[in-house]
Each structure stands twice: as C-alpha cells, then as structure tokens.
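A.B. asks: Below is input_16.cif; it holds mmCIF, C-alpha atoms.
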data_run
#
loop_
_atom_site.label_atom_id
_atom_site.label_comp_id
_atom_site.auth_asym_id
_atom_site.auth_seq_id
_atom_site.Cartn_x
_atom_site.Cartn_y
_atom_site.Cartn_z
CA MET A 1 -11.67 1.81 -40.93
CA GLU A 2 -13.45 3.29 -43.97
CA LEU A 3 -12.54 0.21 -46.01
CA HIS A 4 -14.10 -2.11 -43.45
CA GLU A 5 -17.20 0.05 -43.21
CA LYS A 6 -17.61 -0.17 -46.97
CA TYR A 7 -16.96 -3.94 -47.03
CA PRO A 8 -17.92 -5.49 -43.65
CA ILE A 9 -16.90 -8.90 -44.99
CA LEU A 10 -13.26 -7.79 -44.60
CA HIS A 11 -13.49 -8.16 -40.84
CA ILE A 12 -13.34 -11.91 -41.40
CA ILE A 13 -10.00 -11.54 -43.17
CA THR A 14 -8.43 -9.44 -40.42
CA ASN A 15 -9.78 -11.75 -37.70
CA TYR A 16 -7.63 -14.62 -39.04
CA PRO A 17 -4.18 -13.05 -39.50
CA ASP A 18 -2.31 -16.34 -38.94
CA LEU A 19 -4.06 -18.33 -41.66
CA LYS A 20 -1.98 -18.73 -44.82
CA ASN A 21 -4.99 -19.59 -46.99
CA VAL A 22 -7.34 -17.18 -45.29
CA LEU A 23 -9.99 -17.13 -48.04
CA TRP A 24 -10.63 -20.86 -47.71
CA ASP A 25 -9.61 -21.67 -44.14
CA SER A 26 -11.62 -18.86 -42.55
CA THR A 27 -15.39 -18.32 -42.73
CA PHE A 28 -15.02 -15.94 -45.68
CA VAL A 29 -16.34 -18.27 -48.38
CA GLU A 30 -19.26 -19.30 -46.18
CA SER A 31 -20.21 -15.66 -45.59
CA ILE A 32 -20.48 -14.51 -49.20
CA SER A 33 -23.48 -15.04 -51.47
CA PRO A 34 -23.88 -18.25 -53.52
CA ASP A 35 -23.08 -16.41 -56.76
CA GLU A 36 -19.96 -14.88 -55.25
CA ARG A 37 -18.94 -18.24 -53.81
CA LYS A 38 -19.29 -19.85 -57.24
CA LYS A 39 -16.86 -17.31 -58.70
CA TYR A 40 -14.26 -18.18 -56.06
CA LEU A 41 -14.76 -21.90 -56.64
CA ASN A 42 -13.92 -21.28 -60.29
CA SER A 43 -10.90 -19.09 -59.46
CA ALA A 44 -8.48 -21.82 -60.50
CA ASN A 45 -9.17 -20.87 -64.10
CA ILE A 46 -8.16 -17.24 -63.53
CA THR A 47 -4.61 -16.16 -64.35
CA LEU A 48 -3.54 -13.08 -62.45
CA ASN A 49 -1.33 -10.53 -64.16
CA HIS A 50 0.57 -8.71 -61.41
CA ASN A 51 1.55 -5.80 -63.62
CA ARG A 52 -2.00 -5.25 -64.67
CA LEU A 53 -3.18 -5.63 -61.08
CA ASN A 54 -0.67 -3.00 -60.04
CA ASP A 55 -1.97 -0.57 -62.65
CA GLU A 56 -5.66 -1.41 -62.16
CA PRO A 57 -6.23 -2.69 -58.60
CA GLU A 58 -9.94 -3.42 -59.21
CA VAL A 59 -9.45 -5.21 -62.54
CA TYR A 60 -10.32 -8.67 -61.12
CA ASP A 61 -13.19 -7.62 -58.83
CA GLY A 62 -15.75 -8.77 -61.40
CA GLN A 63 -14.30 -12.28 -61.39
CA LEU A 64 -13.35 -12.34 -57.69
CA PRO A 65 -15.69 -10.14 -55.60
CA TYR A 66 -13.93 -7.88 -53.07
CA PHE A 67 -10.53 -8.98 -54.38
CA SER A 68 -8.96 -5.50 -54.52
CA ALA A 69 -10.36 -4.67 -51.06
CA ILE A 70 -9.00 -7.94 -49.66
CA ILE A 71 -5.52 -7.24 -51.00
CA LEU A 72 -5.60 -3.67 -49.67
CA SER A 73 -6.86 -4.82 -46.27
CA ILE A 74 -4.11 -7.44 -45.93
CA TYR A 75 -1.48 -4.94 -47.07
CA LEU A 76 -2.63 -2.30 -44.58
CA THR A 77 -2.80 -4.84 -41.74
CA GLU A 78 0.75 -6.00 -42.46
CA TYR A 79 1.98 -2.43 -42.79
CA ILE A 80 0.46 -1.44 -39.45
CA SER A 81 2.15 -4.44 -37.83
CA PHE A 82 5.44 -3.41 -39.39
CA LEU A 83 5.13 0.15 -38.10
CA GLN A 84 4.24 -1.08 -34.62
CA SER A 85 7.34 -3.29 -34.62
CA LYS A 86 9.46 -0.20 -35.23
CA LEU A 87 8.06 1.74 -32.31
CA PRO A 88 10.55 2.16 -29.47
CA GLU A 89 9.86 -0.09 -26.53
CA GLU A 90 8.43 1.65 -23.53
CA LYS A 91 10.94 1.68 -20.74
CA THR A 92 9.55 0.64 -17.42
CA VAL A 93 10.79 2.81 -14.61
CA ASP A 94 11.33 1.07 -11.34
CA ILE A 95 10.05 3.35 -8.62
CA PRO A 96 12.09 2.62 -5.53
CA LYS A 97 9.97 1.67 -2.59
CA GLU A 98 10.26 3.99 0.32
CA GLU A 99 12.19 2.22 3.03
CA LYS A 100 10.39 1.90 6.31
CA SER A 101 11.58 4.48 8.81
CA THR A 102 12.60 2.93 12.13
CA PHE A 103 14.60 3.88 15.21
CA GLU A 104 17.52 1.66 14.12
CA HIS A 105 18.08 0.64 17.71
CA GLN A 106 20.75 -1.82 18.86
CA LEU A 107 19.22 -2.60 22.23
CA ASN A 108 19.34 -6.17 23.50
CA PRO A 109 16.37 -7.92 25.19
CA ALA A 110 17.68 -7.19 28.70
CA GLN A 111 17.99 -3.48 27.90
CA ILE A 112 14.48 -3.42 26.42
CA ASN A 113 13.17 -5.02 29.60
CA LEU A 114 14.90 -2.33 31.67
CA LEU A 115 13.51 0.50 29.51
CA THR A 116 10.04 -1.04 29.73
CA GLU A 117 10.33 -0.92 33.51
CA CYS A 118 11.45 2.70 33.21
CA LEU A 119 8.43 3.71 31.10
CA ASN A 120 6.04 2.03 33.50
CA ASP A 121 7.80 3.58 36.51
CA VAL A 122 7.27 7.12 35.18
CA ARG A 123 3.77 6.18 34.01
CA MET A 124 4.51 7.24 30.45
CA PHE A 125 1.24 5.78 29.19
CA PRO A 126 -2.21 5.42 30.79
CA GLU A 127 -1.61 1.68 31.19
CA SER A 128 1.55 -0.31 31.80
CA ILE A 129 3.19 -1.75 28.72
CA THR A 130 5.09 -4.99 28.14
CA SER A 131 8.56 -5.48 26.73
CA GLN A 132 6.94 -6.66 23.52
CA THR A 133 5.06 -3.39 23.25
CA LEU A 134 8.31 -1.44 23.58
CA GLU A 135 9.88 -3.72 20.98
CA ASN A 136 6.94 -2.91 18.68
CA ILE A 137 7.49 0.79 19.30
CA LEU A 138 11.17 0.56 18.44
CA THR A 139 10.48 -1.47 15.28
CA CYS A 140 7.47 0.69 14.38
CA THR A 141 5.08 -2.25 14.28
CA LEU A 142 2.43 -1.02 16.72
CA SER A 143 -1.08 -2.02 15.69
CA GLN A 144 -2.36 1.36 16.92
CA PRO A 145 -0.80 4.51 18.39
CA LEU A 146 -0.26 4.84 22.14
CA LYS A 147 -1.53 7.88 24.00
CA ALA A 148 1.14 9.71 25.97
CA ARG A 149 0.32 10.97 29.47
CA ASN A 150 2.97 13.69 29.22
CA ASN A 151 4.33 14.82 25.85
CA ARG A 152 7.35 16.51 27.44
CA LEU A 153 8.39 13.38 29.30
CA LEU A 154 7.94 11.24 26.19
CA VAL A 155 10.15 13.59 24.19
CA TYR A 156 12.74 13.60 26.99
CA PHE A 157 12.89 9.80 26.90
CA PHE A 158 13.61 9.59 23.18
CA SER A 159 15.92 12.58 23.25
CA ALA A 160 17.91 10.89 26.02
CA LEU A 161 18.21 7.72 23.94
CA ASP A 162 19.40 9.86 21.03
CA ASP A 163 21.99 11.63 23.20
CA ARG A 164 23.46 8.20 24.02
CA SER A 165 23.39 7.11 20.35
CA LEU A 166 20.96 4.32 21.17
CA ILE A 167 18.50 5.32 18.42
CA THR A 168 18.63 7.28 15.18
CA ARG A 169 19.00 11.05 15.31
CA ASN A 170 15.89 11.21 13.12
CA TRP A 171 13.69 9.83 15.89
CA GLN A 172 11.24 12.75 15.61
CA SER A 173 10.60 11.95 11.95
CA VAL A 174 10.24 8.25 12.77
CA ILE A 175 7.54 8.95 15.34
CA ASP A 176 5.72 11.25 12.91
CA LYS A 177 5.85 8.96 9.87
CA ASN A 178 4.73 5.88 11.77
CA HIS A 179 2.03 7.63 13.85
CA LEU A 180 3.32 6.01 17.01
CA PHE A 181 1.90 8.30 19.68
CA LEU A 182 -1.15 10.43 20.39
CA SER A 183 -0.73 13.78 22.08
CA SER A 184 -1.59 13.85 25.76
CA GLY A 185 -3.76 16.94 25.30
CA LYS A 186 -5.40 16.94 21.88
CA ASN A 187 -5.55 13.16 21.35
CA ARG A 188 -4.07 13.47 17.84
CA PRO A 189 -0.89 11.95 16.39
CA LEU A 190 2.24 13.75 17.51
CA LYS A 191 3.90 15.50 14.55
CA GLN A 192 7.56 16.19 14.01
CA SER A 193 6.93 19.89 14.55
CA ASP A 194 5.36 19.17 17.95
CA LEU A 195 8.30 16.99 18.95
CA SER A 196 10.88 19.50 17.76
CA THR A 197 9.30 22.37 19.70
CA THR A 198 9.01 20.30 22.86
CA ASN A 199 12.57 19.02 22.49
CA SER A 200 13.85 22.61 22.50
CA GLU A 201 11.85 23.39 25.62
CA ILE A 202 13.08 20.44 27.69
CA LYS A 203 16.71 21.34 27.04
CA THR A 204 16.25 24.31 29.38
CA THR A 205 13.52 22.95 31.63
CA PRO A 206 13.53 19.13 32.01
CA PRO A 207 10.10 17.65 32.84
CA ILE A 208 9.21 16.06 36.16
CA GLY A 209 10.26 12.42 35.98
CA SER A 210 13.34 13.07 33.87
CA GLU A 211 15.63 12.16 36.77
CA THR A 212 14.00 8.72 36.95
CA ILE A 213 14.63 8.18 33.25
CA ASP A 214 18.27 9.22 33.73
CA LYS A 215 18.62 6.69 36.55
CA TYR A 216 17.45 3.82 34.36
CA LEU A 217 19.56 4.90 31.39
CA LYS A 218 22.69 4.80 33.59
CA GLN A 219 21.94 1.13 34.27
CA LEU A 220 21.82 0.19 30.57
CA LYS A 221 25.57 -0.44 30.40
CA GLU A 222 25.16 -3.16 33.02
CA HIS A 223 22.81 -5.13 30.78
#
Represent the supplied structure as structure tokens.

C.D. replies:
Amino acid sequence: MELHEKYPILHIITNYPDLKNVLWDSTFVESISPDERKKYLNSANITLNHNRLNDEPEVYDGQLPYFSAIILSIYLTEYISFLQSKLPEEKTVDIPKEEKSTFEHQLNPAQINLLTECLNDVRMFPESITSQTLENILTCTLSQPLKARNNRLLVYFFSALDDRSLITRNWQSVIDKNHLFLSSGKNRPLKQSDLSTTNSEIKTTPPIGSETIDKYLKQLKEH
C-alpha cells in the first residue's frame, strides 16, 4: 500500500497481472513522461547484472525509472497470491433444513370425507368445511388458521385420532408449529401448552359432543 502511494504508476502494473510483457502491453509506457518513455525505448542497450541488482535494488532506476519499485511490486503481488493459495479452504457447512411437521396421517379419501362430516356435525368451526379443507389441515397447508368454536372439543377430536394411531403422537406440536387453529376465546393461535392443558382436562371430563365424534370414529373401519 505504501509503495503504491509513493508511486501511483504501479497501479497500472498490478491491474494487468496476466500480461507477460506488462511494461509494453499495458498502459504503463503511455502513462509516464516523454523523457521517462525515451529511457524505456532505449532499454535494449542496458545489460542487467542480477547480482548487482540483488545488492543494490535501485541501481538501475536512473536508466529505467521506477524499475526497483516495479520489481518489488510484482514480487509482492506474486507472494501474496502464493500465500493465499496456501490458506485452508473454507468448509461450507450444510445446514439441514427443518422438515415440515405434519400429522403423518394414513387416512384414505373416504375416511377424510367421513371425518369432514363429523366436524361439521359437531359444528367444530363457525362455518362448515369441505373435505379439501380437512385434507389441508392434515397436510398443514391451510392458507390461514381456522377459528375453533370449542377448544376442548377440537382437542378431543385430535386426541381421539391419536388414541387410534391415525395421526402422529406429536399432534399438539404440529398444530402449534403450523399455526393451524385460533383459540375460541382469545382469537390467537393455539399453542402446544394450551393443547396439553386441555388434553389433560378432557381425560377426566369429556366435552359435550365427544360422543358424536366417537360415533363417527367407530365407522372409520368401514371405509
């Protein structure tokens, strides 16, 4: 850096690292003064003594302006490239993508139709849903969360599916991570903690409508 600040002309040399005859094939000769250019044009008559150059790096600067600085600049550029080539390669770490959490259901279309009828029969949501909506719930592809009319009944439904090994045992986490449902009371996404607490409660006191859900679930084997 200090060398280039002292001799700005050296930037031309380092800007053309691939040129073998950089003094003549770059814009170097065009950028120096006429007197300096004349000295380079007459350089064919100069015999360089490498031993002397090694002992006195600036010995030829009078005949070839900037010559010692040019040699030093090229040497440093090459040395930096060499050092960079020896640096250990940065290892790229593949960060595994988090797999989408789903219910992992194995329900067939007829069973989904029956469960859709069940949810509409107990009025699980403010409006009736279609089989496609239930499919979107089970695959966690809802465009927006559905508001539950009764949190306890909703939890009973999924808990009952879990008890029959029709969905993953981690269904509470699935609902939480995918923001599938809004609470019937506070109109906010149901969290795993909410679902877990409610699930404990319904084990002792099933909600109204649970018997209807049980009736439909008994029919699943027929479909």

A.B. asks: Written as number ranges by chain, what is the full residue list that the PyMOL selection byres ((chain A and resi 137) around 10) yields on the file shown?

C.D. replies: A: 102-103, 131-136, 138-143, 145-146, 175, 178, 180-181

A.B. asks: Rounded to one decimal, what separation in Å do you get between atom CA of A:Leu153 and atom CA of A:Leu217?

C.D. replies: 14.2 Å

A.B. asks: Can you measure atom CA of A:Val174 to atom CA of A:Glu222 for me? One decimal in Å is fine.

C.D. replies: 27.6 Å

A.B. asks: Suppose you want the space between atom CA of A:Glu56 and atom CA of A:Ser31; what is it in Å?

C.D. replies: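 Taking atom CA of A:Glu56 and atom CA of A:Ser31, their separation equals 26.3 Å.
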
A.B. asks: Using the chain letters and numbers from this file, what does the PyMOL selection byres ((chain A and resi 111-127) around 10) select? Give the answer as a compact mmCIF listing (two decimals) with C-alpha atoms, keeping the file's coordinate frame.

C.D. replies:
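Final output, out.txt:
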# COMPACT_ATOMS: atom_id res chain seq x y z
CA GLN A 106 20.75 -1.82 18.86
CA LEU A 107 19.22 -2.60 22.23
CA ASN A 108 19.34 -6.17 23.50
CA PRO A 109 16.37 -7.92 25.19
CA ALA A 110 17.68 -7.19 28.70
CA SER A 128 1.55 -0.31 31.80
CA ILE A 129 3.19 -1.75 28.72
CA THR A 130 5.09 -4.99 28.14
CA SER A 131 8.56 -5.48 26.73
CA GLN A 132 6.94 -6.66 23.52
CA THR A 133 5.06 -3.39 23.25
CA LEU A 134 8.31 -1.44 23.58
CA GLU A 135 9.88 -3.72 20.98
CA LEU A 138 11.17 0.56 18.44
CA LEU A 146 -0.26 4.84 22.14
CA LYS A 147 -1.53 7.88 24.00
CA ALA A 148 1.14 9.71 25.97
CA ARG A 149 0.32 10.97 29.47
CA ASN A 150 2.97 13.69 29.22
CA ASN A 151 4.33 14.82 25.85
CA LEU A 153 8.39 13.38 29.30
CA LEU A 154 7.94 11.24 26.19
CA PHE A 157 12.89 9.80 26.90
CA PHE A 181 1.90 8.30 19.68
CA SER A 184 -1.59 13.85 25.76
CA ILE A 208 9.21 16.06 36.16
CA GLY A 209 10.26 12.42 35.98
CA SER A 210 13.34 13.07 33.87
CA GLU A 211 15.63 12.16 36.77
CA THR A 212 14.00 8.72 36.95
CA ILE A 213 14.63 8.18 33.25
CA ASP A 214 18.27 9.22 33.73
CA LYS A 215 18.62 6.69 36.55
CA TYR A 216 17.45 3.82 34.36
CA LEU A 217 19.56 4.90 31.39
CA GLN A 219 21.94 1.13 34.27
CA LEU A 220 21.82 0.19 30.57
CA LYS A 221 25.57 -0.44 30.40
CA GLU A 222 25.16 -3.16 33.02
CA HIS A 223 22.81 -5.13 30.78

A.B. asks: So, with only C-alpha atoms as the atoms that count, which of A:Ser73, A:Tyr156, A:Leu161, A:Thr47 lies closest to A:Leu195?

C.D. replies: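 Of A:Ser73, A:Tyr156, A:Leu161, A:Thr47, the one nearest A:Leu195 is A:Tyr156, counting only C-alpha atoms.
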
A.B. asks: Given the file above and the PyMOL selection byres ((chain A and resi 58-72) around 7), which residues are selected, and can you give them as a list in words?

C.D. replies: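 Selected by the PyMOL selection byres ((chain A and resi 58-72) around 7) in this file: Leu10, Glu36, Lys39, Tyr40, Leu53, Glu56, Pro57, Ser73, Ile74, Tyr75 and Leu76 of chain A.
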
A.B. asks: From the list A:Ser101, A:Asn21, A:Thr77, A:Ser43, which residue is nearest A:Arg169 when using all atoms listed in the file?

C.D. replies: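 For A:Arg169, the nearest of the given residues is A:Ser101.
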
A.B. asks: Rank A:Arg152, A:Arg52, A:Arg164, A:His179 by their smallest atom-to-atom distance to A:Lys203, using only C-alpha atoms, and report the top residue only.

C.D. replies: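 Among the listed residues, A:Arg152 lies closest to A:Lys203.
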